[in-house]
file data17.txt (compact mmCIF, C-alpha atoms and all ligand atoms)
# COMPACT_ATOMS: atom_id res chain seq x y z
CA MET A 1 104.69 -43.87 -172.00
CA SER A 2 103.28 -41.25 -169.64
CA ALA A 3 105.41 -40.04 -166.74
CA THR A 4 103.11 -41.68 -164.21
CA HIS A 5 103.26 -45.04 -166.05
CA HIS A 6 107.04 -44.69 -166.18
CA LEU A 7 107.15 -44.03 -162.40
CA GLN A 8 104.82 -46.97 -161.76
CA SER A 9 107.03 -49.25 -163.87
CA LEU A 10 110.04 -48.42 -161.67
CA VAL A 11 108.29 -49.85 -158.61
CA ALA A 12 106.35 -52.66 -160.27
CA LYS A 13 107.08 -55.24 -157.56
CA ASP A 14 105.92 -53.10 -154.61
CA TRP A 15 102.99 -51.83 -156.69
CA HIS A 16 101.77 -55.34 -157.41
CA ALA A 17 102.23 -56.35 -153.76
CA ALA A 18 100.21 -53.34 -152.57
CA THR A 19 97.38 -53.82 -155.07
CA HIS A 20 96.99 -57.61 -154.73
CA HIS A 21 97.33 -57.81 -150.98
CA ALA A 22 96.00 -60.47 -148.60
CA PHE A 23 94.48 -57.65 -146.52
CA THR A 24 92.39 -56.20 -149.36
CA ASN A 25 91.55 -59.68 -150.70
CA ALA A 26 90.14 -60.62 -147.29
CA LEU A 27 88.34 -57.26 -147.05
CA ALA A 28 86.67 -57.92 -150.41
CA ASP A 29 85.63 -61.50 -149.71
CA GLY A 30 84.22 -60.54 -146.32
CA THR A 31 86.59 -62.74 -144.29
CA LEU A 32 88.57 -59.86 -142.78
CA SER A 33 88.07 -59.87 -139.01
CA ARG A 34 86.37 -56.94 -137.30
CA ALA A 35 89.53 -56.45 -135.21
CA LYS A 36 91.81 -56.15 -138.26
CA MET A 37 89.45 -53.73 -139.98
CA ALA A 38 89.08 -51.69 -136.78
CA GLY A 39 92.86 -51.47 -136.32
CA TYR A 40 93.31 -50.46 -139.95
CA LEU A 41 90.62 -47.78 -139.78
CA GLN A 42 92.00 -46.30 -136.55
CA GLN A 43 95.39 -45.92 -138.20
CA ASP A 44 94.06 -44.85 -141.57
CA TYR A 45 91.94 -42.11 -140.00
CA GLN A 46 95.22 -40.57 -138.83
CA PHE A 47 96.60 -40.90 -142.37
CA ILE A 48 93.53 -39.01 -143.63
CA GLU A 49 94.32 -36.01 -141.44
CA GLY A 50 97.73 -35.53 -143.10
CA PHE A 51 96.24 -36.33 -146.48
CA VAL A 52 93.65 -33.55 -146.18
CA ARG A 53 96.38 -31.04 -145.35
CA LEU A 54 98.50 -32.26 -148.28
CA LEU A 55 95.63 -32.16 -150.77
CA SER A 56 94.66 -28.67 -149.57
CA SER A 57 98.21 -27.55 -150.19
CA ALA A 58 98.23 -29.10 -153.68
CA VAL A 59 94.99 -27.25 -154.46
CA ALA A 60 96.68 -24.03 -153.32
CA HIS A 61 99.68 -24.72 -155.59
CA ALA A 62 97.70 -25.70 -158.71
CA PRO A 63 98.71 -23.48 -161.64
CA SER A 64 95.17 -22.33 -162.48
CA LEU A 65 91.62 -22.47 -161.21
CA ALA A 66 90.81 -25.17 -163.79
CA ASP A 67 93.69 -27.25 -162.39
CA ALA A 68 92.53 -26.66 -158.80
CA VAL A 69 88.78 -27.36 -159.07
CA PRO A 70 88.83 -31.20 -159.36
CA GLY A 71 91.23 -31.36 -156.39
CA ALA A 72 89.00 -29.07 -154.35
CA ARG A 73 85.97 -31.21 -155.20
CA PHE A 74 87.86 -34.31 -154.08
CA LEU A 75 88.77 -32.54 -150.84
CA GLY A 76 85.04 -32.04 -150.28
CA GLN A 77 84.45 -35.76 -150.85
CA ILE A 78 87.15 -36.76 -148.33
CA CYS A 79 85.89 -34.30 -145.72
CA GLY A 80 82.28 -35.31 -146.42
CA ALA A 81 81.36 -38.88 -147.38
CA GLU A 82 84.74 -40.42 -146.52
CA ASN A 83 85.03 -38.73 -143.13
CA THR A 84 81.49 -39.85 -142.28
CA TYR A 85 82.34 -43.38 -143.41
CA PHE A 86 85.21 -43.51 -140.88
CA LEU A 87 83.06 -42.23 -138.03
CA ARG A 88 80.17 -44.61 -138.81
CA SER A 89 82.49 -47.60 -139.27
CA LEU A 90 84.47 -47.02 -136.09
CA GLN A 91 81.21 -46.69 -134.20
CA ALA A 92 79.74 -49.86 -135.76
CA LEU A 93 82.93 -51.74 -134.90
CA ASP A 94 82.61 -50.37 -131.36
CA VAL A 95 86.10 -48.87 -131.12
CA SER A 96 87.55 -45.46 -130.40
CA GLN A 97 88.12 -42.87 -133.14
CA THR A 98 91.65 -42.38 -131.83
CA ALA A 99 94.61 -44.69 -131.24
CA PRO A 100 98.34 -44.25 -130.71
CA PRO A 101 99.98 -44.01 -134.15
CA ALA A 102 101.74 -47.13 -135.41
CA PRO A 103 105.22 -46.71 -136.97
CA GLU A 104 103.74 -47.28 -140.46
CA THR A 105 101.28 -44.43 -139.88
CA THR A 106 103.94 -42.09 -138.55
CA ALA A 107 106.17 -42.85 -141.56
CA PHE A 108 103.35 -41.89 -143.92
CA GLN A 109 102.51 -38.76 -141.95
CA GLN A 110 106.15 -37.72 -142.19
CA LEU A 111 106.25 -38.23 -145.95
CA MET A 112 103.05 -36.23 -146.40
CA ASP A 113 104.32 -33.42 -144.14
CA GLN A 114 107.61 -33.37 -146.05
CA ALA A 115 105.75 -33.15 -149.38
CA ARG A 116 103.51 -30.37 -148.08
CA HIS A 117 106.40 -28.36 -146.65
CA SER A 118 108.44 -28.78 -149.86
CA GLY A 119 106.17 -26.14 -151.37
CA ARG A 120 106.55 -28.02 -154.68
CA TYR A 121 103.46 -29.05 -156.57
CA GLU A 122 105.12 -32.05 -158.24
CA ILE A 123 106.28 -33.49 -154.90
CA MET A 124 102.81 -33.12 -153.41
CA LEU A 125 101.31 -34.80 -156.48
CA SER A 126 103.79 -37.68 -156.27
CA VAL A 127 102.32 -38.74 -152.90
CA LEU A 128 98.70 -38.00 -153.87
CA VAL A 129 98.93 -39.97 -157.12
CA VAL A 130 100.35 -43.03 -155.37
CA ALA A 131 97.84 -42.94 -152.53
CA GLU A 132 94.81 -42.77 -154.80
CA TRP A 133 95.98 -44.80 -157.79
CA ILE A 134 96.98 -47.77 -155.64
CA TYR A 135 93.54 -47.71 -154.02
CA LEU A 136 91.77 -47.52 -157.40
CA ASP A 137 93.84 -50.49 -158.60
CA TRP A 138 93.08 -52.80 -155.70
CA ALA A 139 89.42 -51.82 -155.31
CA THR A 140 88.25 -51.81 -158.94
CA PRO A 141 88.19 -55.61 -159.46
CA PHE A 142 85.91 -55.86 -156.38
CA GLU A 143 83.52 -53.07 -157.34
CA ASN A 144 80.56 -55.43 -157.83
CA ARG A 145 80.99 -57.11 -154.45
CA ALA A 146 80.50 -53.99 -152.35
CA ASP A 147 76.74 -54.32 -151.86
CA GLU A 148 76.97 -57.83 -150.39
CA LEU A 149 79.39 -56.82 -147.64
CA PRO A 150 78.92 -55.12 -144.26
CA PHE A 151 79.04 -51.38 -144.93
CA TRP A 152 82.44 -50.87 -143.23
CA LEU A 153 83.94 -53.20 -145.86
CA GLY A 154 81.69 -52.53 -148.87
CA GLU A 155 81.75 -48.74 -148.71
CA TRP A 156 85.55 -48.76 -148.53
CA ILE A 157 85.52 -50.50 -151.92
CA SER A 158 82.84 -48.15 -153.34
CA LEU A 159 84.74 -45.05 -152.19
CA HIS A 160 87.77 -46.24 -154.16
CA SER A 161 86.21 -47.51 -157.38
CA GLY A 162 83.73 -46.40 -160.04
CA LYS A 163 83.63 -43.56 -162.55
CA ASP A 164 83.97 -40.60 -160.15
CA PHE A 165 86.98 -42.03 -158.34
CA SER A 166 88.61 -43.08 -161.64
CA GLN A 167 88.27 -39.46 -162.75
CA VAL A 168 89.97 -38.25 -159.56
CA VAL A 169 92.93 -40.55 -160.25
CA ALA A 170 93.02 -39.51 -163.92
CA TYR A 171 93.06 -35.84 -162.84
CA LEU A 172 95.90 -36.32 -160.34
CA ARG A 173 97.94 -38.33 -162.84
CA ASP A 174 97.32 -35.77 -165.56
CA GLN A 175 98.56 -32.99 -163.27
CA LEU A 176 101.76 -34.92 -162.53
CA ASP A 177 102.23 -35.92 -166.19
CA HIS A 178 102.02 -32.26 -167.22
CA VAL A 179 104.27 -30.81 -164.53
CA TRP A 180 106.85 -33.59 -165.18
CA GLU A 181 107.46 -32.12 -168.66
CA THR A 182 108.63 -28.87 -167.06
CA LEU A 183 111.11 -30.48 -164.61
CA ASP A 184 114.88 -30.74 -164.90
CA ASN A 185 116.72 -33.98 -164.10
CA ASP A 186 117.23 -33.14 -160.41
CA ALA A 187 113.57 -32.38 -159.89
CA ARG A 188 112.59 -35.57 -161.75
CA ALA A 189 114.89 -37.57 -159.48
CA GLN A 190 113.19 -36.06 -156.43
CA VAL A 191 109.74 -36.91 -157.80
CA THR A 192 110.94 -40.46 -158.47
CA ALA A 193 112.30 -40.83 -154.92
CA THR A 194 109.06 -39.51 -153.39
CA PHE A 195 106.87 -41.71 -155.60
CA THR A 196 109.00 -44.78 -154.82
CA GLN A 197 108.90 -44.13 -151.07
CA ALA A 198 105.12 -43.61 -151.12
CA VAL A 199 104.59 -46.98 -152.85
CA ARG A 200 106.85 -48.69 -150.29
CA LEU A 201 104.87 -47.11 -147.46
CA GLU A 202 101.53 -48.18 -148.98
CA ARG A 203 102.77 -51.75 -149.11
CA ALA A 204 104.11 -51.56 -145.55
CA PHE A 205 100.78 -50.13 -144.33
CA PHE A 206 98.88 -53.10 -145.78
CA ASP A 207 101.49 -55.56 -144.45
CA ALA A 208 101.05 -54.11 -140.95
CA SER A 209 97.26 -54.04 -141.31
CA TRP A 210 97.25 -57.71 -142.26
CA ALA A 211 99.53 -58.59 -139.34
CA GLY A 212 97.02 -56.59 -137.23
CA PHE A 213 97.42 -53.17 -135.64
CA ALA A 214 96.72 -52.97 -131.91
CA VAL A 215 93.11 -51.87 -131.49
CA ALA A 216 92.34 -49.05 -129.04
CA LYS A 217 89.02 -49.54 -127.29
C1 LIG B 301 97.41 -45.39 -146.38
C2 LIG B 301 96.34 -44.96 -147.33
N1 LIG B 301 96.66 -44.74 -148.63
C3 LIG B 301 95.67 -44.32 -149.49
C4 LIG B 301 94.40 -44.15 -149.09
C5 LIG B 301 93.35 -43.77 -150.09
N2 LIG B 301 92.62 -42.66 -149.81
C6 LIG B 301 94.11 -44.38 -147.76
N3 LIG B 301 92.87 -44.23 -147.25
N4 LIG B 301 95.08 -44.81 -146.87
call {"tool": "encode", "arguments": {"input": "data17.txt", "output": "structure tokens"}}
result
Amino acid sequence: MSATHHLQSLVAKDWHAATHHAFTNALADGTLSRAKMAGYLQQDYQFIEGFVRLLSSAVAHAPSLADAVPGARFLGQICGAENTYFLRSLQALDVSQTAPPAPETTAFQQLMDQARHSGRYEIMLSVLVVAEWIYLDWATPFENRADELPFWLGEWISLHSGKDFSQVVAYLRDQLDHVWETLDNDARAQVTATFTQAVRLERAFFDASWAGFAVAK
């Protein structure tokens, strides 16, 4: 079993809850209210800011240029198509680009900052793998529905499914699988704790999104 499958197996319950969530089910069948999607996007746009800094740091810590290039390409995708998606969606939903951070957002920002400041590639990867793999898992079964939905729902599925995004997740997992082999038991325990916490926070973020974040006009 690969290291990343082993880590996933340790948090199977939270993983399943985060990838089969009422929020994403409603998003994919088009029944998610505009207000819930708007609240989610306002919070998630703040998550993206920390994510970009974390991914940039992981690119800087990659052991070789070959290991860095797919991460740098993904950074371009987040800062390009994904950033534009947020701005277009928030505008279409007629809400502000900014909102006070919810506790679930702050918790994620703190974990990402901690991972970035650790200066350790494997800790950065632990958060990145969880964040992208969970999204690939929930979005992939809905890939064929994206075109029938309003763009602020459909494009969120398209951005997190398909061949290119699967390759991003495969790359991040491969990086973590390789570095895991070089780690001693203490370092593995720290990766496990970070991975576990990231999965918990993903689940909590969807729980709060489904309950409904306050929407800033
Ligand atoms: C909270 C969260 N986790 C992951 C992703 C996937 N990029 C996201 N947009 N937001």
call {"tool": "closest_residue", "arguments": {"input": "data17.txt", "among": "A:Gln43, A:Asn185, A:Gln114, A:Ser158", "to": "ligand LIG 301 (chain B)", "atoms": "all atoms listed in the file"}}
result
A:Gln43
call {"tool": "residues_near_ligand", "arguments": {"input": "data17.txt", "ligand": "ligand LIG 301 (chain B)", "cutoff": "9 Å", "atoms": "all atoms listed in the file", "output": "ChimeraX atom specification"}}
result
/A:41,43-45,47-48,51,78,82,104-105,108,128,130-136,156,159-160,198,201-203,205-206
call {"tool": "atom_distance", "arguments": {"input": "data17.txt", "atom1": "CA of Ala216 in chain A", "atom2": "CA of Met37 in chain A"}}
result
12.2 Å
call {"tool": "atom_distance", "arguments": {"input": "data17.txt", "atom1": "CA of Leu176 in chain A", "atom2": "CA of Thr4 in chain A"}}
result
7.1 Å
call {"tool": "closest_residue", "arguments": {"input": "data17.txt", "among": "A:Thr192, A:Asn83, A:Gln110, A:Thr19", "to": "Gly50 in chain A", "atoms": "only C-alpha atoms"}}
result
A:Gln110
call {"tool": "closest_residue", "arguments": {"input": "data17.txt", "among": "A:Asp29, A:Asp207, A:Asp147, A:Glu49", "to": "Thr106 in chain A", "atoms": "all atoms listed in the file"}}
result
A:Glu49
call {"tool": "closest_residue", "arguments": {"input": "data17.txt", "among": "A:Leu55, A:Ala17, A:Val191, A:Tyr40", "to": "Ala68 in chain A", "atoms": "all atoms listed in the file"}}
result
A:Leu55
call {"tool": "closest_residue", "arguments": {"input": "data17.txt", "among": "A:Leu153, A:Ala139, A:Val69, A:Val215", "to": "Ala18 in chain A", "atoms": "only C-alpha atoms"}}
result
A:Ala139
call {"tool": "closest_residue", "arguments": {"input": "data17.txt", "among": "A:His20, A:Arg173, A:Arg73, A:His61", "to": "Phe142 in chain A", "atoms": "all atoms listed in the file"}}
result
A:His20
call {"tool": "atom_distance", "arguments": {"input": "data17.txt", "atom1": "CA of Gln97 in chain A", "atom2": "CA of Thr140 in chain A"}}
result
27.3 Å
call {"tool": "residues_around", "arguments": {"input": "data17.txt", "residues": "His117 in chain A", "least_positions_apart": "3", "cutoff": "12 Å", "atoms": "only C-alpha atoms", "output": "list in words"}}
result
Gly50, Arg53, Leu54, Ser57, Ala58, His61, Gln110, Leu111, Met112, Asp113, Gln114, Arg120, Tyr121, Ile123 and Met124 of chain A
call {"tool": "residues_around", "arguments": {"input": "data17.txt", "residues": "Gln91 in chain A", "least_positions_apart": "5", "cutoff": "12 Å", "atoms": "only C-alpha atoms", "output": "JSON, numbers by chain"}}
result
{"A": [34, 38, 41, 42, 84, 85, 86, 96, 97, 98, 151, 152, 217]}
call {"tool": "residues_around", "arguments": {"input": "data17.txt", "residues": "Ala66 in chain A", "least_positions_apart": "6", "cutoff": "12 Å", "atoms": "only C-alpha atoms", "output": "JSON, numbers by chain"}}
result
{"A": [59, 72, 73, 171, 175]}
call {"tool": "axis_aligned_box", "arguments": {"input": "data17.txt", "around": "range 185-203 of chain A", "padding_each_side": "4 Å", "output": "AutoDock Vina command-line options"}}
result
--center_x 109.4 --center_y -42.1 --center_z -155.8 --size_x 23.7 --size_y 27.4 --size_z 24.6
call {"tool": "residues_around", "arguments": {"input": "data17.txt", "residues": "Phe74 in chain A", "least_positions_apart": "5", "cutoff": "10 Å", "atoms": "all atoms listed in the file", "output": "PyMOL selection string"}}
result
chain A and resi 52+55-56+69+79-80+164-165+168
call {"tool": "decode", "arguments": {"input": "data17.txt", "residues": "range 116-214 of chain A", "atoms": "C-alpha atoms", "output": "PDB file, in the first residue's frame"}}
result
ATOM      1  CA  ARG A 116       4.465  26.629   5.229  1.00  0.00           C
ATOM      2  CA  HIS A 117       6.503  27.878   8.181  1.00  0.00           C
ATOM      3  CA  SER A 118       7.606  24.329   9.085  1.00  0.00           C
ATOM      4  CA  GLY A 119      10.007  24.578   6.151  1.00  0.00           C
ATOM      5  CA  ARG A 120       9.433  20.844   5.631  1.00  0.00           C
ATOM      6  CA  TYR A 121       8.389  19.599   2.235  1.00  0.00           C
ATOM      7  CA  GLU A 122       6.546  16.541   3.587  1.00  0.00           C
ATOM      8  CA  ILE A 123       4.409  18.655   5.938  1.00  0.00           C
ATOM      9  CA  MET A 124       3.488  21.051   3.129  1.00  0.00           C
ATOM     10  CA  LEU A 125       2.598  18.087   0.909  1.00  0.00           C
ATOM     11  CA  SER A 126       0.430  16.537   3.628  1.00  0.00           C
ATOM     12  CA  VAL A 127      -1.952  19.519   3.488  1.00  0.00           C
ATOM     13  CA  LEU A 128      -1.781  19.899  -0.308  1.00  0.00           C
ATOM     14  CA  VAL A 129      -2.495  16.207  -0.944  1.00  0.00           C
ATOM     15  CA  VAL A 130      -5.550  16.235   1.313  1.00  0.00           C
ATOM     16  CA  ALA A 131      -6.950  19.465  -0.108  1.00  0.00           C
ATOM     17  CA  GLU A 132      -6.743  18.316  -3.723  1.00  0.00           C
ATOM     18  CA  TRP A 133      -7.381  14.588  -3.379  1.00  0.00           C
ATOM     19  CA  ILE A 134     -10.579  15.113  -1.391  1.00  0.00           C
ATOM     20  CA  TYR A 135     -11.827  17.491  -4.089  1.00  0.00           C
ATOM     21  CA  LEU A 136     -10.956  15.032  -6.880  1.00  0.00           C
ATOM     22  CA  ASP A 137     -12.841  12.305  -4.999  1.00  0.00           C
ATOM     23  CA  TRP A 138     -16.063  14.210  -4.484  1.00  0.00           C
ATOM     24  CA  ALA A 139     -16.120  15.901  -7.900  1.00  0.00           C
ATOM     25  CA  THR A 140     -15.200  12.991 -10.195  1.00  0.00           C
ATOM     26  CA  PRO A 141     -18.545  11.126  -9.989  1.00  0.00           C
ATOM     27  CA  PHE A 142     -20.278  14.370 -11.076  1.00  0.00           C
ATOM     28  CA  GLU A 143     -17.944  15.206 -13.958  1.00  0.00           C
ATOM     29  CA  ASN A 144     -20.620  14.667 -16.627  1.00  0.00           C
ATOM     30  CA  ARG A 145     -23.160  16.918 -14.916  1.00  0.00           C
ATOM     31  CA  ALA A 146     -21.073  20.088 -15.035  1.00  0.00           C
ATOM     32  CA  ASP A 147     -22.386  21.401 -18.365  1.00  0.00           C
ATOM     33  CA  GLU A 148     -26.034  21.320 -17.258  1.00  0.00           C
ATOM     34  CA  LEU A 149     -25.443  23.499 -14.200  1.00  0.00           C
ATOM     35  CA  PRO A 150     -25.068  27.270 -13.718  1.00  0.00           C
ATOM     36  CA  PHE A 151     -21.386  28.047 -14.257  1.00  0.00           C
ATOM     37  CA  TRP A 152     -20.704  28.842 -10.573  1.00  0.00           C
ATOM     38  CA  LEU A 153     -21.657  25.230  -9.766  1.00  0.00           C
ATOM     39  CA  GLY A 154     -20.582  23.406 -12.944  1.00  0.00           C
ATOM     40  CA  GLU A 155     -17.135  24.956 -13.266  1.00  0.00           C
ATOM     41  CA  TRP A 156     -16.358  24.100  -9.645  1.00  0.00           C
ATOM     42  CA  ILE A 157     -16.870  20.441 -10.591  1.00  0.00           C
ATOM     43  CA  SER A 158     -14.860  20.783 -13.839  1.00  0.00           C
ATOM     44  CA  LEU A 159     -11.951  22.463 -12.035  1.00  0.00           C
ATOM     45  CA  HIS A 160     -11.729  19.456  -9.703  1.00  0.00           C
ATOM     46  CA  SER A 161     -12.214  16.533 -12.086  1.00  0.00           C
ATOM     47  CA  GLY A 162     -10.897  15.257 -15.413  1.00  0.00           C
ATOM     48  CA  LYS A 163      -7.501  14.120 -16.653  1.00  0.00           C
ATOM     49  CA  ASP A 164      -5.467  17.270 -15.889  1.00  0.00           C
ATOM     50  CA  PHE A 165      -6.690  17.537 -12.312  1.00  0.00           C
ATOM     51  CA  SER A 166      -6.230  13.781 -11.748  1.00  0.00           C
ATOM     52  CA  GLN A 167      -2.618  14.245 -12.841  1.00  0.00           C
ATOM     53  CA  VAL A 168      -2.145  17.081 -10.336  1.00  0.00           C
ATOM     54  CA  VAL A 169      -3.374  14.816  -7.529  1.00  0.00           C
ATOM     55  CA  ALA A 170      -1.214  11.924  -8.775  1.00  0.00           C
ATOM     56  CA  TYR A 171       1.822  14.244  -8.802  1.00  0.00           C
ATOM     57  CA  LEU A 172       1.214  15.534  -5.256  1.00  0.00           C
ATOM     58  CA  ARG A 173       0.630  12.010  -3.939  1.00  0.00           C
ATOM     59  CA  ASP A 174       3.717  10.728  -5.712  1.00  0.00           C
ATOM     60  CA  GLN A 175       5.821  13.475  -4.114  1.00  0.00           C
ATOM     61  CA  LEU A 176       4.525  12.556  -0.653  1.00  0.00           C
ATOM     62  CA  ASP A 177       4.893   8.804  -1.297  1.00  0.00           C
ATOM     63  CA  HIS A 178       8.546   9.320  -2.263  1.00  0.00           C
ATOM     64  CA  VAL A 179       9.513  11.651   0.571  1.00  0.00           C
ATOM     65  CA  TRP A 180       7.751   9.340   3.097  1.00  0.00           C
ATOM     66  CA  GLU A 181      10.358   6.647   2.350  1.00  0.00           C
ATOM     67  CA  THR A 182      13.099   8.975   3.600  1.00  0.00           C
ATOM     68  CA  LEU A 183      11.391   9.886   6.920  1.00  0.00           C
ATOM     69  CA  ASP A 184      12.092   8.523  10.382  1.00  0.00           C
ATOM     70  CA  ASN A 185       9.270   7.533  12.742  1.00  0.00           C
ATOM     71  CA  ASP A 186       8.968  10.985  14.342  1.00  0.00           C
ATOM     72  CA  ALA A 187       8.676  12.705  10.993  1.00  0.00           C
ATOM     73  CA  ARG A 188       6.120  10.122   9.829  1.00  0.00           C
ATOM     74  CA  ALA A 189       4.075  10.767  12.964  1.00  0.00           C
ATOM     75  CA  GLN A 190       4.099  14.494  12.198  1.00  0.00           C
ATOM     76  CA  VAL A 191       2.973  13.882   8.617  1.00  0.00           C
ATOM     77  CA  THR A 192       0.198  11.632   9.923  1.00  0.00           C
ATOM     78  CA  ALA A 193      -0.973  14.283  12.406  1.00  0.00           C
ATOM     79  CA  THR A 194      -0.983  16.997   9.729  1.00  0.00           C
ATOM     80  CA  PHE A 195      -2.794  14.792   7.203  1.00  0.00           C
ATOM     81  CA  THR A 196      -5.385  13.773   9.801  1.00  0.00           C
ATOM     82  CA  GLN A 197      -6.010  17.363  10.874  1.00  0.00           C
ATOM     83  CA  ALA A 198      -6.377  18.519   7.255  1.00  0.00           C
ATOM     84  CA  VAL A 199      -9.036  15.862   6.573  1.00  0.00           C
ATOM     85  CA  ARG A 200     -10.923  16.895   9.732  1.00  0.00           C
ATOM     86  CA  LEU A 201     -10.827  20.526   8.627  1.00  0.00           C
ATOM     87  CA  GLU A 202     -12.072  19.665   5.114  1.00  0.00           C
ATOM     88  CA  ARG A 203     -15.031  17.874   6.643  1.00  0.00           C
ATOM     89  CA  ALA A 204     -15.705  20.748   9.047  1.00  0.00           C
ATOM     90  CA  PHE A 205     -15.529  23.257   6.174  1.00  0.00           C
ATOM     91  CA  PHE A 206     -18.228  21.358   4.251  1.00  0.00           C
ATOM     92  CA  ASP A 207     -20.328  20.923   7.413  1.00  0.00           C
ATOM     93  CA  ALA A 208     -20.217  24.687   7.995  1.00  0.00           C
ATOM     94  CA  SER A 209     -20.893  25.409   4.312  1.00  0.00           C
ATOM     95  CA  TRP A 210     -23.959  23.187   4.411  1.00  0.00           C
ATOM     96  CA  ALA A 211     -25.199  24.841   7.616  1.00  0.00           C
ATOM     97  CA  GLY A 212     -24.609  28.140   5.724  1.00  0.00           C
ATOM     98  CA  PHE A 213     -21.877  30.727   6.231  1.00  0.00           C
ATOM     99  CA  ALA A 214     -23.055  34.300   6.787  1.00  0.00           C
TER     100      ALA A 214
END
